[in-house]
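Report on the following structure.
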Amino acid sequence: MKTLLKTLMMVAALAGAATGLAVGPASALVEIDVNKGTIEPLPVAVTDFAGGELGAEISSIVQADLKRSGLFAPIDKAAFIEKIANPDQAPRFDDWKVINAQALVTGRVNKEGDGRIRAEYRLWDTFAGQQLSGEQFFANGANTRRVAHIIADAIYERLTGEKGYFDTRIVFIDESGAKNDRKKRLAIMDQDGANTRFLSDGRAIVMTPRFSPNRQEITYMSYESGQPRVYLLQLETGQRELVGNFPGMTFAPRFSPDGQRVIMSLMREDGNSNIYSMDLRSRNTTRLTSSNAIDTSPSYSPDGSKIVFTSDRGGRPHIYVMGADGSGQSRISFGEGSYSTPVWSPRGDLIAFTKQSGGQFQIGVMRTDGSGERILTSGFLQEGPTWAPNGRVIMYLKQTAGSGGPKLYSVDLTGRNEQQIPSPNFASDPAWSPLLD
């Protein structure tokens, strides 16, 4: 990552003066209101960037990112009237208005003398006849896809007013082999399924990987010692360490928002499971719950002041919230069925969860006081939601009847944009990273 930060950087906004047009004001004339209940995707034209195959590759990734968000409807290139020869010049706006391209993306990719690539883009409001934004980036050849994701994020933010989520990664469990002899490996990939890399060799069962807020570290559970133990793994160096050698079994580790603590569930010999936090500097542990039940799946609020978790202390698993010190424990879910795997939204306004009801597994969200429960997707088996860093999209595992194993899917908060995420094999336990630096 340190090398990447040296080679991938924004150098300048592309001045509107280069085209003789002013860059658009802070509030775009063309924009998407993401707070509407139903959102009509914005028609957008993404042209092939100048620069041959490399330019076409980057623009195709940008287009795919925007389309996958569900907020944009890329127009078929066969409908384009104007062929952009010089992305520095203003386009013929009338040619784009006639095909209802409300936003237009143009760009160029060049190879520099030092081996780096320079990628630039411009975003146009075709009906207002003005440039909305433009930037250029330098990167080494290995980071071509990252440049495309960063450009897509910039376009997404300019047109929606919210941060994008395309320049992110997913850590997950890759599952391969026969059902009764399944190999499970830690794996990491881009949010669109590209660039898969394995982080473990599959000799031990691994589960529940989670990102640190600093993006350089993950925590996960492994059975390599015969008992489930929680480990920390440095993604940059591959260095690994055990997070305490607790008696009993440890489950569901997750970082605090500041990355200084890990919260987890510890099961004792009596079968009860309670929630503990560990200070990663001092390695001191603090017990947060003391029930004669199973308390598990803890997740911090974004400000670190509260924790949501699952407990069956009321007879069946439901969702509870408490202070970060264990105070004020209260139940917030009261619907029929069982609730599990709650996780707080990065925005702090919602909690995602898995629900079992009526013979179906469901992924839903509720407000932090338990009100406003909404089911986004329902099916044979689906669980383990994880949030995109902008709090707009959720990823989870889903298995259809007779499929033989789970795959990763995403859905937005409308519940209308469910998509499968490509993976080399079966996949489970996804965790979404923060935006990369």
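Lettering and numbering for the structure tokens are positional, with chains as A, B, ... in the shown order, residues counted from 1 in each chain, and ligands counted from 1 in the shown order.
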Residue neighbourhood segment 398-412 of chain A, 10 Å, only C-alpha atoms, exclusion window fewer than 6 positions, as an NGL selection string | :A and (68-71 or 172 or 174-176 or 178-179 or 182 or 193 or 361-363 or 376-388 or 391-392 or 418-430)
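Non-sequential neighbours of segment 299-305 of chain A (distance at most 6 Å, separation of 5 or more positions within a chain, only C-alpha atoms) are Pro257, Ala324, Val343, Trp344, Pro346 and Gly348 of chain A.
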Near-segment 50-62 of chain A list (12 Å; only C-alpha atoms; drop same-chain fewer than 6 positions) as a tab-separated table (two decimals) with all heavy atoms, in the first residue's frame:
chain	number	residue	atom	x	y	z
A	44	VAL	N	-26.51	7.74	-18.85
A	44	VAL	CA	-25.17	8.28	-18.94
A	44	VAL	C	-24.44	7.62	-20.11
A	44	VAL	O	-24.60	6.42	-20.35
A	44	VAL	CB	-24.39	8.07	-17.62
A	44	VAL	CG1	-24.32	6.61	-17.24
A	44	VAL	CG2	-22.99	8.67	-17.68
A	68	ARG	N	-23.46	-1.11	-12.18
A	68	ARG	CA	-23.70	-2.04	-11.08
A	68	ARG	C	-24.31	-1.33	-9.87
A	68	ARG	O	-24.99	-1.94	-9.06
A	68	ARG	CB	-22.38	-2.71	-10.70
A	68	ARG	CG	-22.54	-3.96	-9.84
A	68	ARG	CD	-21.25	-4.77	-9.75
A	68	ARG	NE	-20.10	-3.96	-9.40
A	68	ARG	CZ	-19.17	-3.55	-10.26
A	68	ARG	NH1	-19.24	-3.91	-11.53
A	68	ARG	NH2	-18.17	-2.80	-9.86
A	69	SER	N	-24.08	-0.03	-9.74
A	69	SER	CA	-24.65	0.71	-8.61
A	69	SER	C	-26.17	0.78	-8.67
A	69	SER	O	-26.82	1.01	-7.65
A	69	SER	CB	-24.09	2.14	-8.59
A	69	SER	OG	-24.68	2.93	-9.60
A	72	PHE	N	-27.29	4.35	-12.35
A	72	PHE	CA	-26.96	4.85	-13.68
A	72	PHE	C	-27.35	3.82	-14.74
A	72	PHE	O	-27.23	2.61	-14.51
A	72	PHE	CB	-25.47	5.16	-13.79
A	72	PHE	CG	-24.99	6.17	-12.78
A	72	PHE	CD1	-24.50	5.76	-11.55
A	72	PHE	CD2	-25.05	7.52	-13.06
A	72	PHE	CE1	-24.07	6.67	-10.60
A	72	PHE	CE2	-24.62	8.45	-12.11
A	72	PHE	CZ	-24.13	8.02	-10.89
A	74	PRO	N	-26.10	3.14	-18.34
A	74	PRO	CA	-25.21	3.44	-19.46
A	74	PRO	C	-25.90	3.18	-20.80
A	74	PRO	O	-26.58	2.17	-20.98
A	74	PRO	CB	-24.03	2.48	-19.24
A	74	PRO	CG	-24.05	2.19	-17.78
A	74	PRO	CD	-25.50	2.16	-17.42
A	76	ASP	N	-26.05	2.30	-24.75
A	76	ASP	CA	-25.32	1.44	-25.68
A	76	ASP	C	-24.48	2.30	-26.62
A	76	ASP	O	-24.96	3.26	-27.23
A	76	ASP	CB	-26.33	0.62	-26.48
A	76	ASP	CG	-25.67	-0.46	-27.34
A	76	ASP	OD1	-24.48	-0.33	-27.66
A	76	ASP	OD2	-26.36	-1.43	-27.70
A	77	LYS	N	-23.21	1.95	-26.75
A	77	LYS	CA	-22.30	2.73	-27.60
A	77	LYS	C	-22.74	2.76	-29.06
A	77	LYS	O	-22.37	3.67	-29.81
A	77	LYS	CB	-20.87	2.18	-27.49
A	77	LYS	CG	-20.20	2.46	-26.15
A	77	LYS	CD	-18.76	1.95	-26.15
A	77	LYS	CE	-18.01	2.36	-24.89
A	77	LYS	NZ	-18.58	1.78	-23.67
A	83	LYS	N	-18.31	10.70	-32.39
A	83	LYS	CA	-17.12	9.97	-31.95
A	83	LYS	C	-16.15	10.98	-31.38
A	83	LYS	O	-15.71	11.88	-32.09
A	83	LYS	CB	-16.49	9.20	-33.11
A	83	LYS	CG	-15.24	8.42	-32.71
A	83	LYS	CD	-14.71	7.62	-33.88
A	83	LYS	CE	-13.40	6.91	-33.52
A	83	LYS	NZ	-13.56	5.96	-32.39
A	84	ILE	N	-15.84	10.84	-30.09
A	84	ILE	CA	-14.98	11.81	-29.43
A	84	ILE	C	-13.54	11.59	-29.88
A	84	ILE	O	-12.91	10.58	-29.55
A	84	ILE	CB	-15.08	11.69	-27.90
A	84	ILE	CG1	-16.53	11.92	-27.43
A	84	ILE	CG2	-14.13	12.67	-27.23
A	84	ILE	CD1	-17.04	13.31	-27.68
A	85	ALA	N	-13.01	12.53	-30.66
A	85	ALA	CA	-11.64	12.43	-31.15
A	85	ALA	C	-10.67	13.14	-30.21
A	85	ALA	O	-9.54	12.68	-30.01
A	85	ALA	CB	-11.54	13.02	-32.56
A	86	ASN	N	-11.11	14.25	-29.64
A	86	ASN	CA	-10.26	15.03	-28.75
A	86	ASN	C	-11.02	15.30	-27.46
A	86	ASN	O	-11.89	16.18	-27.42
A	86	ASN	CB	-9.84	16.34	-29.40
A	86	ASN	CG	-8.90	17.16	-28.52
A	86	ASN	OD1	-8.55	16.75	-27.41
A	86	ASN	ND2	-8.48	18.31	-29.02
A	87	PRO	N	-10.73	14.57	-26.35
A	87	PRO	CA	-11.49	14.76	-25.11
A	87	PRO	C	-11.26	16.11	-24.45
A	87	PRO	O	-11.95	16.45	-23.49
A	87	PRO	CB	-10.99	13.61	-24.22
A	87	PRO	CG	-9.67	13.22	-24.77
A	87	PRO	CD	-9.73	13.48	-26.24
A	88	ASP	N	-10.28	16.91	-24.96
A	88	ASP	CA	-10.05	18.24	-24.42
A	88	ASP	C	-11.05	19.25	-24.96
A	88	ASP	O	-11.21	20.34	-24.41
A	88	ASP	CB	-8.64	18.71	-24.74
A	88	ASP	CG	-7.58	17.90	-23.99
A	88	ASP	OD1	-7.90	17.39	-22.91
A	88	ASP	OD2	-6.46	17.75	-24.52
A	104	LEU	N	-22.29	12.79	-19.68
A	104	LEU	CA	-21.35	12.25	-20.65
A	104	LEU	C	-19.97	12.18	-20.02
A	104	LEU	O	-19.52	13.14	-19.37
A	104	LEU	CB	-21.31	13.15	-21.90
A	104	LEU	CG	-20.21	12.88	-22.93
A	104	LEU	CD1	-20.41	11.52	-23.60
A	104	LEU	CD2	-20.18	14.00	-23.97
A	105	VAL	N	-19.29	11.05	-20.19
A	105	VAL	CA	-17.94	10.87	-19.66
A	105	VAL	C	-16.98	10.67	-20.82
A	105	VAL	O	-17.19	9.79	-21.67
A	105	VAL	CB	-17.86	9.65	-18.72
A	105	VAL	CG1	-16.44	9.49	-18.17
A	105	VAL	CG2	-18.87	9.78	-17.58
A	106	THR	N	-15.96	11.49	-20.88
A	106	THR	CA	-14.90	11.35	-21.87
A	106	THR	C	-13.56	11.26	-21.15
A	106	THR	O	-13.46	11.60	-19.97
A	106	THR	CB	-14.87	12.53	-22.85
A	106	THR	OG1	-14.59	13.74	-22.13
A	106	THR	CG2	-16.23	12.69	-23.56
A	107	GLY	N	-12.52	10.83	-21.86
A	107	GLY	CA	-11.23	10.72	-21.19
A	107	GLY	C	-10.11	10.30	-22.10
A	107	GLY	O	-10.29	10.05	-23.31
A	108	ARG	N	-8.92	10.18	-21.51
A	108	ARG	CA	-7.72	9.82	-22.25
A	108	ARG	C	-6.78	9.07	-21.31
A	108	ARG	O	-6.71	9.37	-20.12
A	108	ARG	CB	-7.03	11.08	-22.78
A	108	ARG	CG	-5.68	10.82	-23.43
A	108	ARG	CD	-4.90	12.09	-23.70
A	108	ARG	NE	-5.50	12.89	-24.77
A	108	ARG	CZ	-6.05	14.07	-24.59
A	108	ARG	NH1	-6.09	14.60	-23.37
A	108	ARG	NH2	-6.57	14.73	-25.60
A	109	VAL	N	-6.05	8.11	-21.87
A	109	VAL	CA	-5.03	7.39	-21.11
A	109	VAL	C	-3.74	7.41	-21.92
A	109	VAL	O	-3.74	7.06	-23.10
A	109	VAL	CB	-5.46	5.94	-20.83
A	109	VAL	CG1	-4.38	5.21	-20.04
A	109	VAL	CG2	-6.78	5.90	-20.07
A	110	ASN	N	-2.64	7.84	-21.28
A	110	ASN	CA	-1.34	7.87	-21.94
A	110	ASN	C	-0.31	7.12	-21.10
A	110	ASN	O	-0.43	7.05	-19.87
A	110	ASN	CB	-0.85	9.32	-22.10
A	110	ASN	CG	-1.67	10.10	-23.09
A	110	ASN	OD1	-2.09	9.57	-24.12
A	110	ASN	ND2	-1.90	11.37	-22.78
A	111	LYS	N	0.70	6.57	-21.75
A	111	LYS	CA	1.83	5.98	-21.05
A	111	LYS	C	2.94	7.03	-21.00
A	111	LYS	O	3.35	7.58	-22.02
A	111	LYS	CB	2.31	4.72	-21.76
A	111	LYS	CG	1.37	3.53	-21.57
A	111	LYS	CD	1.97	2.24	-22.09
A	111	LYS	CE	1.06	1.05	-21.79
A	111	LYS	NZ	1.64	-0.23	-22.26
A	112	GLU	N	3.42	7.28	-19.77
A	112	GLU	CA	4.48	8.26	-19.58
A	112	GLU	C	5.85	7.63	-19.85
A	112	GLU	O	6.00	6.40	-19.91
A	112	GLU	CB	4.43	8.79	-18.14
A	112	GLU	CG	3.11	9.44	-17.78
A	112	GLU	CD	2.88	10.73	-18.54
A	112	GLU	OE1	3.57	11.73	-18.25
A	112	GLU	OE2	2.00	10.74	-19.44
A	117	ILE	N	1.22	5.26	-16.13
A	117	ILE	CA	0.13	5.69	-16.99
A	117	ILE	C	-0.49	6.95	-16.42
A	117	ILE	O	-0.47	7.16	-15.20
A	117	ILE	CB	-0.95	4.60	-17.16
A	117	ILE	CG1	-1.62	4.29	-15.82
A	117	ILE	CG2	-0.38	3.35	-17.79
A	117	ILE	CD1	-2.88	3.43	-15.96
A	118	ARG	N	-0.97	7.80	-17.29
A	118	ARG	CA	-1.72	8.98	-16.88
A	118	ARG	C	-3.13	8.84	-17.42
A	118	ARG	O	-3.34	8.68	-18.62
A	118	ARG	CB	-1.09	10.26	-17.43
A	118	ARG	CG	-1.83	11.53	-16.99
A	118	ARG	CD	-1.21	12.77	-17.57
A	118	ARG	NE	-1.39	12.83	-19.02
A	118	ARG	CZ	-0.83	13.72	-19.81
A	118	ARG	NH1	0.01	14.60	-19.31
A	118	ARG	NH2	-1.04	13.72	-21.11
A	119	ALA	N	-4.10	8.86	-16.53
A	119	ALA	CA	-5.51	8.73	-16.92
A	119	ALA	C	-6.24	10.01	-16.54
A	119	ALA	O	-6.08	10.52	-15.43
A	119	ALA	CB	-6.15	7.53	-16.25
A	120	GLU	N	-7.02	10.53	-17.44
A	120	GLU	CA	-7.81	11.73	-17.16
A	120	GLU	C	-9.23	11.53	-17.67
A	120	GLU	O	-9.48	10.76	-18.59
A	120	GLU	CB	-7.17	12.96	-17.80
A	120	GLU	CG	-7.02	12.85	-19.30
A	120	GLU	CD	-6.22	14.01	-19.88
A	120	GLU	OE1	-4.99	14.04	-19.67
A	120	GLU	OE2	-6.83	14.88	-20.53
A	121	TYR	N	-10.14	12.21	-17.03
A	121	TYR	CA	-11.54	12.12	-17.46
A	121	TYR	C	-12.19	13.49	-17.36
A	121	TYR	O	-11.72	14.38	-16.65
A	121	TYR	CB	-12.32	11.12	-16.59
A	121	TYR	CG	-12.80	11.73	-15.28
A	121	TYR	CD1	-14.08	12.28	-15.15
A	121	TYR	CD2	-11.95	11.79	-14.17
A	121	TYR	CE1	-14.49	12.87	-13.97
A	121	TYR	CE2	-12.36	12.37	-12.99
A	121	TYR	CZ	-13.63	12.92	-12.90
A	121	TYR	OH	-14.03	13.51	-11.73
A	122	ARG	N	-13.29	13.65	-18.07
A	122	ARG	CA	-14.15	14.82	-17.94
A	122	ARG	C	-15.59	14.36	-17.87
A	122	ARG	O	-15.99	13.44	-18.59
A	122	ARG	CB	-13.97	15.79	-19.13
A	122	ARG	CG	-12.58	16.40	-19.23
A	122	ARG	CD	-12.49	17.33	-20.44
A	122	ARG	NE	-11.10	17.76	-20.67
A	122	ARG	CZ	-10.53	18.82	-20.11
A	122	ARG	NH1	-11.24	19.58	-19.28
A	122	ARG	NH2	-9.28	19.13	-20.38
A	141	GLY	N	1.48	0.55	-13.93
A	141	GLY	CA	0.65	-0.32	-14.76
A	141	GLY	C	-0.15	-1.35	-13.98
A	141	GLY	O	-1.21	-1.78	-14.42
A	143	ASN	N	-1.82	-0.88	-11.39
A	143	ASN	CA	-2.97	-0.28	-10.73
A	143	ASN	C	-3.99	0.30	-11.71
A	143	ASN	O	-4.75	1.20	-11.37
A	143	ASN	CB	-2.52	0.81	-9.76
A	143	ASN	CG	-1.75	0.23	-8.60
A	143	ASN	OD1	-2.20	-0.72	-7.97
A	143	ASN	ND2	-0.58	0.79	-8.31
A	144	THR	N	-4.01	-0.24	-12.92
A	144	THR	CA	-4.94	0.25	-13.94
A	144	THR	C	-6.38	0.18	-13.46
A	144	THR	O	-7.16	1.13	-13.62
A	144	THR	CB	-4.78	-0.57	-15.22
A	144	THR	OG1	-3.45	-0.41	-15.72
A	144	THR	CG2	-5.77	-0.11	-16.28
A	145	ARG	N	-6.77	-0.95	-12.89
A	145	ARG	CA	-8.16	-1.11	-12.45
A	145	ARG	C	-8.48	-0.13	-11.31
A	145	ARG	O	-9.60	0.38	-11.24
A	145	ARG	CB	-8.42	-2.54	-12.00
A	145	ARG	CG	-8.34	-3.58	-13.13
A	145	ARG	CD	-8.83	-4.93	-12.66
A	145	ARG	NE	-10.25	-4.88	-12.30
A	145	ARG	CZ	-11.25	-5.08	-13.15
A	145	ARG	NH1	-10.99	-5.32	-14.42
A	145	ARG	NH2	-12.50	-5.01	-12.73
A	146	ARG	N	-7.52	0.12	-10.45
A	146	ARG	CA	-7.77	1.06	-9.36
A	146	ARG	C	-8.05	2.46	-9.90
A	146	ARG	O	-8.92	3.17	-9.39
A	146	ARG	CB	-6.57	1.10	-8.40
A	146	ARG	CG	-6.59	0.01	-7.34
A	146	ARG	CD	-5.87	0.48	-6.10
A	146	ARG	NE	-6.55	1.60	-5.48
A	146	ARG	CZ	-6.00	2.36	-4.52
A	146	ARG	NH1	-4.78	2.11	-4.12
A	146	ARG	NH2	-6.69	3.36	-4.00
A	147	VAL	N	-7.31	2.86	-10.91
A	147	VAL	CA	-7.55	4.17	-11.51
A	147	VAL	C	-8.99	4.25	-12.02
A	147	VAL	O	-9.70	5.24	-11.80
A	147	VAL	CB	-6.57	4.44	-12.66
A	147	VAL	CG1	-6.97	5.70	-13.42
A	147	VAL	CG2	-5.15	4.59	-12.12
A	148	ALA	N	-9.45	3.20	-12.69
A	148	ALA	CA	-10.81	3.18	-13.21
A	148	ALA	C	-11.83	3.29	-12.08
A	148	ALA	O	-12.82	4.03	-12.18
A	148	ALA	CB	-11.05	1.91	-14.02
A	149	HIS	N	-11.61	2.56	-10.98
A	149	HIS	CA	-12.53	2.61	-9.85
A	149	HIS	C	-12.55	4.00	-9.21
A	149	HIS	O	-13.60	4.49	-8.80
A	149	HIS	CB	-12.15	1.56	-8.80
A	149	HIS	CG	-12.32	0.14	-9.26
A	149	HIS	ND1	-13.40	-0.27	-10.02
A	149	HIS	CD2	-11.55	-0.96	-9.06
A	149	HIS	CE1	-13.29	-1.58	-10.25
A	149	HIS	NE2	-12.18	-2.00	-9.69
A	150	ILE	N	-11.38	4.64	-9.14
A	150	ILE	CA	-11.31	5.99	-8.55
A	150	ILE	C	-12.06	6.99	-9.42
A	150	ILE	O	-12.76	7.88	-8.92
A	150	ILE	CB	-9.84	6.40	-8.35
A	150	ILE	CG1	-9.22	5.57	-7.22
A	150	ILE	CG2	-9.72	7.89	-8.04
A	150	ILE	CD1	-7.73	5.74	-7.08
A	151	ILE	N	-11.94	6.86	-10.74
A	151	ILE	CA	-12.68	7.73	-11.65
A	151	ILE	C	-14.18	7.50	-11.47
A	151	ILE	O	-14.97	8.46	-11.40
A	151	ILE	CB	-12.26	7.48	-13.10
A	151	ILE	CG1	-10.83	8.00	-13.33
A	151	ILE	CG2	-13.22	8.15	-14.08
A	151	ILE	CD1	-10.25	7.65	-14.70
A	152	ALA	N	-14.60	6.24	-11.38
A	152	ALA	CA	-16.02	5.94	-11.18
A	152	ALA	C	-16.51	6.53	-9.85
A	152	ALA	O	-17.63	7.05	-9.78
A	152	ALA	CB	-16.25	4.43	-11.21
A	153	ASP	N	-15.68	6.45	-8.81
A	153	ASP	CA	-16.06	7.04	-7.52
A	153	ASP	C	-16.25	8.55	-7.64
A	153	ASP	O	-17.18	9.13	-7.06
A	153	ASP	CB	-15.00	6.74	-6.46
A	153	ASP	CG	-15.14	5.36	-5.84
A	153	ASP	OD1	-16.27	4.83	-5.82
A	153	ASP	OD2	-14.13	4.81	-5.38
A	154	ALA	N	-15.35	9.20	-8.38
A	154	ALA	CA	-15.45	10.65	-8.53
A	154	ALA	C	-16.72	11.05	-9.27
A	154	ALA	O	-17.40	12.02	-8.90
A	154	ALA	CB	-14.22	11.17	-9.28
A	155	ILE	N	-17.07	10.29	-10.31
A	155	ILE	CA	-18.30	10.56	-11.07
A	155	ILE	C	-19.52	10.31	-10.18
A	155	ILE	O	-20.48	11.11	-10.16
A	155	ILE	CB	-18.35	9.69	-12.33
A	155	ILE	CG1	-17.23	10.10	-13.29
A	155	ILE	CG2	-19.71	9.79	-13.02
A	155	ILE	CD1	-17.00	9.13	-14.43
A	156	TYR	N	-19.51	9.20	-9.46
A	156	TYR	CA	-20.61	8.85	-8.56
A	156	TYR	C	-20.84	9.97	-7.54
A	156	TYR	O	-21.98	10.41	-7.31
A	156	TYR	CB	-20.27	7.54	-7.86
A	156	TYR	CG	-21.32	7.00	-6.91
A	156	TYR	CD1	-22.16	5.96	-7.29
A	156	TYR	CD2	-21.45	7.50	-5.61
A	156	TYR	CE1	-23.11	5.45	-6.42
A	156	TYR	CE2	-22.39	7.00	-4.73
A	156	TYR	CZ	-23.21	5.97	-5.14
A	156	TYR	OH	-24.16	5.46	-4.27
A	164	GLY	N	-18.45	7.44	-3.29
A	164	GLY	CA	-18.59	6.17	-3.99
A	164	GLY	C	-18.06	5.03	-3.16
A	164	GLY	O	-17.64	5.20	-2.01
A	166	PHE	N	-16.42	2.15	-5.11
A	166	PHE	CA	-15.84	1.25	-6.11
A	166	PHE	C	-14.36	0.94	-5.84
A	166	PHE	O	-13.90	-0.15	-6.16
A	166	PHE	CB	-16.01	1.84	-7.51
A	166	PHE	CG	-17.43	2.19	-7.83
A	166	PHE	CD1	-17.80	3.48	-8.16
A	166	PHE	CD2	-18.42	1.21	-7.80
A	166	PHE	CE1	-19.11	3.82	-8.45
A	166	PHE	CE2	-19.74	1.53	-8.09
A	166	PHE	CZ	-20.08	2.84	-8.42
A	167	ASP	N	-13.62	1.88	-5.28
A	167	ASP	CA	-12.21	1.63	-4.97
A	167	ASP	C	-12.10	0.97	-3.60
A	167	ASP	O	-11.57	1.55	-2.65
A	167	ASP	CB	-11.42	2.95	-5.02
A	167	ASP	CG	-9.92	2.71	-4.87
A	167	ASP	OD1	-9.44	1.64	-5.29
A	167	ASP	OD2	-9.24	3.61	-4.32
A	190	ASP	N	-11.12	-7.34	-5.51
A	190	ASP	CA	-11.76	-6.05	-5.71
A	190	ASP	C	-13.27	-6.21	-5.52
A	190	ASP	O	-13.81	-7.31	-5.68
A	190	ASP	CB	-11.48	-5.51	-7.10
A	190	ASP	CG	-10.01	-5.21	-7.34
A	190	ASP	OD1	-9.23	-5.25	-6.36
A	190	ASP	OD2	-9.64	-4.96	-8.51
A	191	GLN	N	-13.96	-5.11	-5.25
A	191	GLN	CA	-15.40	-5.19	-5.00
A	191	GLN	C	-16.20	-5.71	-6.19
A	191	GLN	O	-17.33	-6.18	-6.02
A	191	GLN	CB	-15.95	-3.82	-4.56
A	191	GLN	CG	-15.61	-2.66	-5.49
A	191	GLN	CD	-16.45	-2.56	-6.75
A	191	GLN	OE1	-17.61	-2.98	-6.74
A	191	GLN	NE2	-15.90	-2.00	-7.81
A	192	ASP	N	-15.63	-5.68	-7.39
A	192	ASP	CA	-16.33	-6.19	-8.56
A	192	ASP	C	-15.94	-7.63	-8.90
A	192	ASP	O	-16.33	-8.16	-9.94
A	192	ASP	CB	-16.09	-5.30	-9.77
A	192	ASP	CG	-14.61	-5.15	-10.13
A	192	ASP	OD1	-13.76	-5.71	-9.40
A	192	ASP	OD2	-14.32	-4.49	-11.14
A	193	GLY	N	-15.15	-8.28	-8.02
A	193	GLY	CA	-14.79	-9.67	-8.22
A	193	GLY	C	-13.46	-9.89	-8.92
A	193	GLY	O	-13.04	-11.03	-9.10
A	194	ALA	N	-12.79	-8.83	-9.32
A	194	ALA	CA	-11.51	-8.96	-10.03
A	194	ALA	C	-10.35	-9.09	-9.03
A	194	ALA	O	-10.48	-8.77	-7.85
A	194	ALA	CB	-11.28	-7.76	-10.94
Out of segment 129-289 of chain A, which residues get alpha helix (DSSP H) from DSSP, as a list in words?
->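 Of segment 129-289 of chain A, only Thr144, Arg145, Arg146, Val147, Ala148, His149, Ile150, Ile151, Ala152, Asp153, Ala154, Ile155, Tyr156, Glu157, Arg158, Leu159 and Thr160 of chain A fall in alpha helix (DSSP H).
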Could you take the residues named above and write them with N, CA and C atoms, as an mmCIF file, in the first residue's frame?
data_model
loop_
_atom_site.group_PDB
_atom_site.id
_atom_site.type_symbol
_atom_site.label_atom_id
_atom_site.label_comp_id
_atom_site.auth_asym_id
_atom_site.auth_seq_id
_atom_site.Cartn_x
_atom_site.Cartn_y
_atom_site.Cartn_z
ATOM 1 N N THR A 144 -4.010 -0.239 -12.919
ATOM 2 C CA THR A 144 -4.941 0.248 -13.937
ATOM 3 C C THR A 144 -6.383 0.176 -13.462
ATOM 4 N N ARG A 145 -6.769 -0.952 -12.885
ATOM 5 C CA ARG A 145 -8.156 -1.110 -12.447
ATOM 6 C C ARG A 145 -8.484 -0.132 -11.310
ATOM 7 N N ARG A 146 -7.518 0.121 -10.445
ATOM 8 C CA ARG A 146 -7.767 1.059 -9.357
ATOM 9 C C ARG A 146 -8.047 2.459 -9.900
ATOM 10 N N VAL A 147 -7.309 2.864 -10.915
ATOM 11 C CA VAL A 147 -7.554 4.170 -11.513
ATOM 12 C C VAL A 147 -8.990 4.250 -12.019
ATOM 13 N N ALA A 148 -9.446 3.199 -12.692
ATOM 14 C CA ALA A 148 -10.812 3.182 -13.211
ATOM 15 C C ALA A 148 -11.827 3.291 -12.078
ATOM 16 N N HIS A 149 -11.606 2.558 -10.981
ATOM 17 C CA HIS A 149 -12.535 2.607 -9.852
ATOM 18 C C HIS A 149 -12.547 3.996 -9.214
ATOM 19 N N ILE A 150 -11.378 4.640 -9.138
ATOM 20 C CA ILE A 150 -11.310 5.986 -8.553
ATOM 21 C C ILE A 150 -12.061 6.987 -9.424
ATOM 22 N N ILE A 151 -11.937 6.857 -10.743
ATOM 23 C CA ILE A 151 -12.684 7.726 -11.648
ATOM 24 C C ILE A 151 -14.181 7.503 -11.474
ATOM 25 N N ALA A 152 -14.599 6.244 -11.379
ATOM 26 C CA ALA A 152 -16.017 5.942 -11.176
ATOM 27 C C ALA A 152 -16.510 6.529 -9.855
ATOM 28 N N ASP A 153 -15.684 6.450 -8.811
ATOM 29 C CA ASP A 153 -16.063 7.042 -7.522
ATOM 30 C C ASP A 153 -16.250 8.550 -7.642
ATOM 31 N N ALA A 154 -15.355 9.205 -8.378
ATOM 32 C CA ALA A 154 -15.447 10.653 -8.533
ATOM 33 C C ALA A 154 -16.724 11.048 -9.269
ATOM 34 N N ILE A 155 -17.072 10.291 -10.313
ATOM 35 C CA ILE A 155 -18.303 10.564 -11.066
ATOM 36 C C ILE A 155 -19.522 10.310 -10.180
ATOM 37 N N TYR A 156 -19.511 9.197 -9.460
ATOM 38 C CA TYR A 156 -20.610 8.852 -8.558
ATOM 39 C C TYR A 156 -20.840 9.969 -7.537
ATOM 40 N N GLU A 157 -19.751 10.455 -6.937
ATOM 41 C CA GLU A 157 -19.882 11.495 -5.919
ATOM 42 C C GLU A 157 -20.373 12.806 -6.516
ATOM 43 N N ARG A 158 -19.897 13.143 -7.705
ATOM 44 C CA ARG A 158 -20.304 14.416 -8.331
ATOM 45 C C ARG A 158 -21.788 14.414 -8.653
ATOM 46 N N LEU A 159 -22.334 13.266 -9.046
ATOM 47 C CA LEU A 159 -23.725 13.211 -9.489
ATOM 48 C C LEU A 159 -24.704 12.832 -8.390
ATOM 49 N N THR A 160 -24.217 12.275 -7.282
ATOM 50 C CA THR A 160 -25.126 11.882 -6.200
ATOM 51 C C THR A 160 -24.909 12.686 -4.924
#
Output as a ChimeraX atom specification all residues of segment 170-306 of chain A that backbone DSSP marks as strand (DSSP E).
-> /A:170-176,183-190,197-198,206-211,217-222,229-234,240-242,249-255,261-267,273-279,285-287,295-300,306
List the neighbours of Leu435 of chain A out to 7 Å using only C-alpha atoms; skip same-chain residues closer than 3 positions along the sequence, and give me the result as a list in words.
->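 What passes the distance filter is Tyr165, Asp167, Thr168 and Pro389 of chain A.
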Output C-alpha atoms for every residue in the selection just made, as a PDB file, in the first residue's frame.
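Here's the written file out.pdb:
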ATOM      1  CA  TYR A 165     -17.554   2.661  -3.020  1.00  0.00           C
ATOM      2  CA  ASP A 167     -12.205   1.632  -4.975  1.00  0.00           C
ATOM      3  CA  THR A 168     -12.640  -0.987  -2.258  1.00  0.00           C
ATOM      4  CA  PRO A 389     -18.323   2.142   3.102  1.00  0.00           C
TER       5      PRO A 389
END
Nearest candidate to Phe93 of chain A (options A:Ala204, A:Val262, A:Ala79, A:Ala128; using only C-alpha atoms) =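 The shortest atom-to-atom distance to Phe93 of chain A comes from A:Ala128.
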Tell me which protein, DNA and RNA residues are within 8 Å of Gly248 of chain A, counting only C-alpha atoms, leaving out same-chain ones fewer than 2 positions away, and put them as a list in words.
-> Gln227, Phe246, Thr250, Leu266, Met267, Arg268 and Glu269 of chain A
